[in-house]
4 protein chains.
Amino acid sequence: MHKTRLEAFSDGVFAILITILVLELKAPHGANWDALSPLWPKALSYALSFVYLGIYWNNHHHLMHLVQKVSGGMLWANLHLLFWLSLVSFATAWMGENHFAALPTALYGAVLLAAALSYFLLVTVIKHQQGPGSVLAQAVGKDWKGKVSPLIYAASIPLSFVSPALAMTGYVAVALLWLVPDRRIERQLN
Amino acid sequence: MHKTRLEAFSDGVFAILITILVLELKAPHGANWDALSPLWPKALSYALSFVYLGIYWNNHHHLMHLVQKVSGGMLWANLHLLFWLSLVSFATAWMGENHFAALPTALYGAVLLAAALSYFLLVTVIKHQQGPGSVLAQAVGKDWKGKVSPLIYAASIPLSFVSPALAMTGYVAVALLWLVPDRRIERQLN
Amino acid sequence: MHKTRLEAFSDGVFAILITILVLELKAPHGANWDALSPLWPKALSYALSFVYLGIYWNNHHHLMHLVQKVSGGMLWANLHLLFWLSLVSFATAWMGENHFAALPTALYGAVLLAAALSYFLLVTVIKHQQGPGSVLAQAVGKDWKGKVSPLIYAASIPLSFVSPALAMTGYVAVALLWLVPDRRIERQLN
Amino acid sequence: MHKTRLEAFSDGVFAILITILVLELKAPHGANWDALSPLWPKALSYALSFVYLGIYWNNHHHLMHLVQKVSGGMLWANLHLLFWLSLVSFATAWMGENHFAALPTALYGAVLLAAALSYFLLVTVIKHQQGPGSVLAQAVGKDWKGKVSPLIYAASIPLSFVSPALAMTGYVAVALLWLVPDRRIERQLN
């Protein structure tokens with residue numbers, strides 16, 4: 001099995017997932033500020049999810065860079081990740097439409113948590129396949145970002161019922177964590 | 001005609017088909033459990049169809065691996081398969097919205113059956129083109145999975161009118177059958 | 001400019017156009033035959049448009065095969081073709097929803113006519129660029145199919161106001177004309 | 001990081017963005033001219049946005065041609081551009097639905113302005129990475145089109161509140177500016 005076709009399919013899914021997000025941003029019926037302004041929670045949720053899917057695409061890109069051979073298990077672990085990422089648009093729409101109410105904000109965190117864990121699973125499957133001296137294991141190293149992120153998501157889920165604003169702060173903080181370039185990994189890759 | 005462009009187009013269609021499924025999972029208007037919980041039949045149907053399209057993509061991937069030359073007949077047999085797979089999202093939405101009622105569950109099986117038969121047709125067209133000593137014929141072998149699956153679909157269609165739950169068990173069983181890796185084929189391919 | 005990226009973009013657009021057609025096939029609210037059966041004009045229109053987009057993708061594929069170098073004019077002629085093909089989903093939905101009423105059936109023909117003319121324009125731009133002794137000019141030859149098709153579309157547009165069934169017969173006839181493989185072209189290409 | 005995967009992802013997003021535009025062009029319920037004719041502002045907006053996305057894809061294509069190595073910054077600048085371009089469909093739908101009312105026409109200009117500035121940012125990031133003697137810096141040269149366009153957008157935003165028709169003239173003028181092939185750049189590239 002060729003890596004290129006797995007990448008092409010994943011790129012296609014990423015491209016569609018990041019693009020259909022905007023379909024939830026429906027044009028309001030009025031033509032004035034009063035019609036446009038209630039859209040801000042949807043617009044904000046949209047921007048955050050766009051960044052998250054961008055981060056996943058970026059990380060997936062780097063991950064595939066370190067894969068030489070595709071196995072059946074890797075393929076399904078990859079589809080499993082895409083499944084959870086496909087639910088981001090649903091969770092984004094629900095959270096935006098309900099102005100960051102408690103349960104939708106918690107569900108958004110649950111989808112992010114499931115995506116993070118399935119990314120971790122994908123990395124583990126690849127490392128396991130590469131065996132001792134795995135190129136990926138060396139490149140990823142201790143991966144503190146990958147370990148801290150699910151903890152913050154897991155904490156944000158119950159926190160949503162206390163203060164959705166605090167939970168949102170957690171989601172934004174994790175996104176910023178990944179946006180800041182990690183020089184060590186880039187050095188290893190170049 | 002180059003195989004790469006047929007693969008690229010098919011990958012694009014697979015990626016879109018698997019992703020637009022989620023568009024049927026509309027965000028509910030309320031923000032509480034009472035609004036979310038009625039979605040479970042849609043969510044379950046979504047997950048099952050996601051797995052089915054993943055299986056088809058996976059099998060299509062392996063199939064194309066064994067193709068050297070693309071003919072006009074193969075191209076149309078491929079489009080014919082994609083046509084039936086494109087109806088999966090319609091059947092999924094209808095079945096999920098009607099909580100696995102008899103007719104929608106039967107139609108879901110009919111679409112799966114049509115897709116299975118058109119996959120079989122595609123395999124036959126490729127084998128015929130490759131002639132005696134076909135690489136594909138050897139790799140596929142007796143293909144008991146490919147023969148058992150349409151039988152289970154065909155049995156599940158009338159069964160839907162007796163017990164939709166039993167028909168659904170049939171659809172889930174076939175999906176599991178394909179998810180379990182087939183060591184013999186993988187060995188031949190590696 | 002590389003041909004591969006023009007092909008990749010066009011393949012992406014073709015894959016999306018052929019797939020979003022099915023989004024117009026909305027799941028009915030009831031779960032019985034009375035709910036399903038009124039969908040037949042939509043399902044029929046869907047199948048016809050799926051075949052048409054498949055034919056265009058197929059022909060586009062062959063056309064690009066004979067292109068060595070991409071010019072700015074070719075790129076815009078290609079986008080112009082994709083523009084008209086993008087309106088197929090709109091015309092399909094309107095025609096299907098109105099059970100092949102006169103005006104929607106005429107508009108469907110008008111979109112097919114515009115697509116056929118823009119395909120002809122794309123071929124002309126490529127031939128002009130390749131100059132005398134053009135590989136494409138030789139492969140296409142007299143192209144009677146390409147000349148007959150727009151005539152049938154043009155005749156079907158006014159015919160829609162007399163008998164939509166006759167106009168539809170024209171659209172189906174042209175589709176069949178292209179589905180039947182043209183041995184001479186295939187011979188030249190192989 | 002390979003340029004091909006960045007191109008593939010971007011092509012996918014461009015292909016989807018240009019195609020989902022047409023989803024806003026909903027089939028009217030009636031089957032006569034009175035039902036069809038009110039769609040003209042939507043159809044016009046659609047055509048303009050299709051051309052704009054075509055121009056961006058075209059320019060992006062040329063830009064990537066001059067990139068040898070992809071950096072993290074370039075990747076995010078690229079995603080940032082795609083983010084603003086993803087809002088074109090929203091702005092198009094709002095403007096078309098409200099028959100070129102003042103605020104939607106201004107917002108359309110604001111999205112075009114944000115896209116133009118993020119394109120400029122992407123070019124700057126690439127030039128900065130390539131350092132002195134940058135291939136891109138030489139090819140782009142003074143880039144008067146890239147400098148005039150945002151000025152026209154910026155002028156059209158307040159102008160929308162005086163005369164939306166004048167603002168629209170500005171948007172159409174910029175599109176025509178880019179449609180006319182720029183011989184110097186093509187010469188440099190060939």
# chains A, B, ... in the order shown; residues from 1 in each chain; ligands from 1

call {"tool": "interface_residues", "arguments": {"of": "chain A", "to": "chain C", "cutoff": "12 Å", "atoms": "only C-alpha atoms", "output": "PyMOL selection string"}}
result
chain A and resi 8-9+11-13+15-16+20

call {"tool": "residues_around", "arguments": {"residues": "stretch 106-120 of chain A", "least_positions_apart": "5", "cutoff": "7 Å", "atoms": "only C-alpha atoms", "output": "compact mmCIF listing (two decimals) with C-alpha atoms, in the first residue's frame"}}
result
# COMPACT_ATOMS: atom_id res chain seq x y z
CA HIS A 80 -10.75 6.55 13.25
CA LEU A 81 -9.05 9.92 13.72
CA TRP A 84 -13.79 12.13 15.32
CA LEU A 85 -12.54 15.14 13.39
CA LEU A 87 -17.75 15.51 14.31
CA VAL A 88 -16.01 18.85 14.92
CA ALA A 91 -20.05 20.23 17.73
CA THR A 92 -19.05 23.66 16.37
CA PRO A 150 -6.02 15.85 26.41
CA TYR A 153 -9.73 18.97 27.28
CA ALA A 154 -10.67 16.48 30.01
CA SER A 156 -12.63 21.61 30.37
CA ILE A 157 -15.51 19.16 29.95
CA PRO A 158 -16.76 19.31 33.59
CA SER A 160 -18.16 23.79 30.98

call {"tool": "residues_around", "arguments": {"residues": "stretch 24-26 of chain D", "least_positions_apart": "3", "cutoff": "8 Å", "atoms": "only C-alpha atoms", "output": "list in words"}}
result
Phe90 of chain C; Ile20, Leu21, Leu39, Lys42, Ala43, Tyr46, Ser89 and Ala93 of chain D

call {"tool": "atom_distance", "arguments": {"atom1": "atom CA of B:Trp76", "atom2": "atom CA of B:Ala137"}}
result
20.1 Å

call {"tool": "residues_around", "arguments": {"residues": "C:Phe100", "least_positions_apart": "4", "cutoff": "9 Å", "atoms": "only C-alpha atoms", "output": "PDB file with N, CA, C and O atoms, in the first residue's frame"}}
result
ATOM      1  N   PRO C  41     -38.806  11.646  -9.810  1.00  0.00           N
ATOM      2  CA  PRO C  41     -38.250  12.578 -10.807  1.00  0.00           C
ATOM      3  C   PRO C  41     -36.882  13.117 -10.368  1.00  0.00           C
ATOM      4  O   PRO C  41     -35.999  13.332 -11.190  1.00  0.00           O
ATOM      5  N   SER C  45     -33.462  12.486 -12.450  1.00  0.00           N
ATOM      6  CA  SER C  45     -32.626  13.635 -12.829  1.00  0.00           C
ATOM      7  C   SER C  45     -31.224  13.460 -12.264  1.00  0.00           C
ATOM      8  O   SER C  45     -30.226  13.785 -12.919  1.00  0.00           O
ATOM      9  N   TRP C  94     -33.848  21.845  -9.858  1.00  0.00           N
ATOM     10  CA  TRP C  94     -35.057  22.572 -10.275  1.00  0.00           C
ATOM     11  C   TRP C  94     -35.958  21.688 -11.134  1.00  0.00           C
ATOM     12  O   TRP C  94     -37.173  21.646 -10.966  1.00  0.00           O
ATOM     13  N   MET C  95     -35.325  20.942 -12.053  1.00  0.00           N
ATOM     14  CA  MET C  95     -36.081  20.059 -12.946  1.00  0.00           C
ATOM     15  C   MET C  95     -36.728  18.917 -12.167  1.00  0.00           C
ATOM     16  O   MET C  95     -37.902  18.585 -12.377  1.00  0.00           O
ATOM     17  N   GLY C  96     -35.969  18.319 -11.247  1.00  0.00           N
ATOM     18  CA  GLY C  96     -36.496  17.186 -10.484  1.00  0.00           C
ATOM     19  C   GLY C  96     -37.628  17.599  -9.556  1.00  0.00           C
ATOM     20  O   GLY C  96     -38.629  16.892  -9.428  1.00  0.00           O
ATOM     21  N   PRO C 104     -38.045  24.427 -16.415  1.00  0.00           N
ATOM     22  CA  PRO C 104     -36.862  23.774 -15.837  1.00  0.00           C
ATOM     23  C   PRO C 104     -36.191  22.792 -16.795  1.00  0.00           C
ATOM     24  O   PRO C 104     -34.957  22.708 -16.832  1.00  0.00           O
ATOM     25  N   THR C 105     -36.993  22.070 -17.581  1.00  0.00           N
ATOM     26  CA  THR C 105     -36.411  21.121 -18.541  1.00  0.00           C
ATOM     27  C   THR C 105     -35.644  21.870 -19.630  1.00  0.00           C
ATOM     28  O   THR C 105     -34.579  21.421 -20.074  1.00  0.00           O
ATOM     29  N   SER C 160     -38.878  21.553 -25.133  1.00  0.00           N
ATOM     30  CA  SER C 160     -39.337  21.379 -23.746  1.00  0.00           C
ATOM     31  C   SER C 160     -40.710  22.002 -23.541  1.00  0.00           C
ATOM     32  O   SER C 160     -41.489  21.515 -22.719  1.00  0.00           O
ATOM     33  N   PRO C 164     -41.889  18.087 -22.659  1.00  0.00           N
ATOM     34  CA  PRO C 164     -40.675  17.847 -21.868  1.00  0.00           C
ATOM     35  C   PRO C 164     -40.159  16.423 -22.023  1.00  0.00           C
ATOM     36  O   PRO C 164     -38.937  16.201 -21.988  1.00  0.00           O
ATOM     37  N   ALA C 165     -41.072  15.439 -22.242  1.00  0.00           N
ATOM     38  CA  ALA C 165     -40.645  14.048 -22.385  1.00  0.00           C
ATOM     39  C   ALA C 165     -39.740  13.893 -23.605  1.00  0.00           C
ATOM     40  O   ALA C 165     -38.726  13.182 -23.564  1.00  0.00           O
ATOM     41  N   MET C 168     -36.355  15.418 -22.807  1.00  0.00           N
ATOM     42  CA  MET C 168     -35.606  14.483 -21.963  1.00  0.00           C
ATOM     43  C   MET C 168     -35.036  13.345 -22.799  1.00  0.00           C
ATOM     44  O   MET C 168     -33.909  12.898 -22.572  1.00  0.00           O
TER      45      MET C 168
END

call {"tool": "decode", "arguments": {"residues": "stretch 15-31 of chain B", "atoms": "N, CA, C and O atoms", "output": "mmCIF file, in the first residue's frame"}}
result
data_model
loop_
_atom_site.group_PDB
_atom_site.id
_atom_site.type_symbol
_atom_site.label_atom_id
_atom_site.label_comp_id
_atom_site.auth_asym_id
_atom_site.auth_seq_id
_atom_site.Cartn_x
_atom_site.Cartn_y
_atom_site.Cartn_z
ATOM 1 N N ALA B 15 -13.555 10.664 -0.409
ATOM 2 C CA ALA B 15 -13.341 11.636 0.674
ATOM 3 C C ALA B 15 -14.583 12.499 0.857
ATOM 4 O O ALA B 15 -14.981 12.796 1.993
ATOM 5 N N ILE B 16 -15.228 12.894 -0.254
ATOM 6 C CA ILE B 16 -16.413 13.747 -0.137
ATOM 7 C C ILE B 16 -17.593 12.936 0.392
ATOM 8 O O ILE B 16 -18.308 13.385 1.285
ATOM 9 N N LEU B 17 -17.773 11.719 -0.125
ATOM 10 C CA LEU B 17 -18.904 10.896 0.308
ATOM 11 C C LEU B 17 -18.838 10.624 1.806
ATOM 12 O O LEU B 17 -19.841 10.715 2.520
ATOM 13 N N ILE B 18 -17.627 10.318 2.292
ATOM 14 C CA ILE B 18 -17.483 9.992 3.713
ATOM 15 C C ILE B 18 -17.668 11.242 4.576
ATOM 16 O O ILE B 18 -18.069 11.149 5.741
ATOM 17 N N THR B 19 -17.423 12.401 3.980
ATOM 18 C CA THR B 19 -17.496 13.634 4.773
ATOM 19 C C THR B 19 -18.881 14.256 4.737
ATOM 20 O O THR B 19 -19.325 14.840 5.723
ATOM 21 N N ILE B 20 -19.593 14.149 3.592
ATOM 22 C CA ILE B 20 -20.914 14.791 3.559
ATOM 23 C C ILE B 20 -21.932 14.020 4.386
ATOM 24 O O ILE B 20 -22.992 14.537 4.700
ATOM 25 N N LEU B 21 -21.614 12.777 4.730
ATOM 26 C CA LEU B 21 -22.475 12.015 5.639
ATOM 27 C C LEU B 21 -22.807 12.832 6.878
ATOM 28 O O LEU B 21 -23.935 12.836 7.359
ATOM 29 N N VAL B 22 -21.788 13.524 7.386
ATOM 30 C CA VAL B 22 -21.957 14.253 8.654
ATOM 31 C C VAL B 22 -22.877 15.461 8.495
ATOM 32 O O VAL B 22 -23.421 15.965 9.478
ATOM 33 N N LEU B 23 -23.074 15.913 7.241
ATOM 34 C CA LEU B 23 -23.977 17.053 7.021
ATOM 35 C C LEU B 23 -25.413 16.705 7.397
ATOM 36 O O LEU B 23 -26.228 17.586 7.671
ATOM 37 N N GLU B 24 -25.734 15.395 7.413
ATOM 38 C CA GLU B 24 -27.093 14.979 7.787
ATOM 39 C C GLU B 24 -27.293 15.033 9.302
ATOM 40 O O GLU B 24 -28.411 14.939 9.792
ATOM 41 N N LEU B 25 -26.171 15.151 10.018
ATOM 42 C CA LEU B 25 -26.224 15.201 11.480
ATOM 43 C C LEU B 25 -26.379 16.672 11.879
ATOM 44 O O LEU B 25 -25.414 17.338 12.238
ATOM 45 N N LYS B 26 -27.597 17.180 11.757
ATOM 46 C CA LYS B 26 -27.844 18.609 12.003
ATOM 47 C C LYS B 26 -27.823 18.906 13.507
ATOM 48 O O LYS B 26 -28.381 18.146 14.300
ATOM 49 N N ALA B 27 -27.211 20.047 13.852
ATOM 50 C CA ALA B 27 -27.170 20.467 15.255
ATOM 51 C C ALA B 27 -28.597 20.732 15.742
ATOM 52 O O ALA B 27 -29.342 21.473 15.095
ATOM 53 N N PRO B 28 -29.006 20.121 16.889
ATOM 54 C CA PRO B 28 -30.372 20.340 17.376
ATOM 55 C C PRO B 28 -30.524 21.771 17.907
ATOM 56 O O PRO B 28 -29.530 22.435 18.212
ATOM 57 N N HIS B 29 -31.781 22.233 18.031
ATOM 58 C CA HIS B 29 -31.986 23.627 18.432
ATOM 59 C C HIS B 29 -31.803 23.856 19.929
ATOM 60 O O HIS B 29 -31.279 24.870 20.340
ATOM 61 N N GLY B 30 -32.238 22.916 20.757
ATOM 62 C CA GLY B 30 -32.041 23.075 22.192
ATOM 63 C C GLY B 30 -30.595 22.811 22.573
ATOM 64 O O GLY B 30 -29.817 22.300 21.766
ATOM 65 N N ALA B 31 -30.230 23.152 23.832
ATOM 66 C CA ALA B 31 -28.849 22.980 24.282
ATOM 67 C C ALA B 31 -28.739 21.960 25.408
ATOM 68 O O ALA B 31 -27.749 21.960 26.134
#
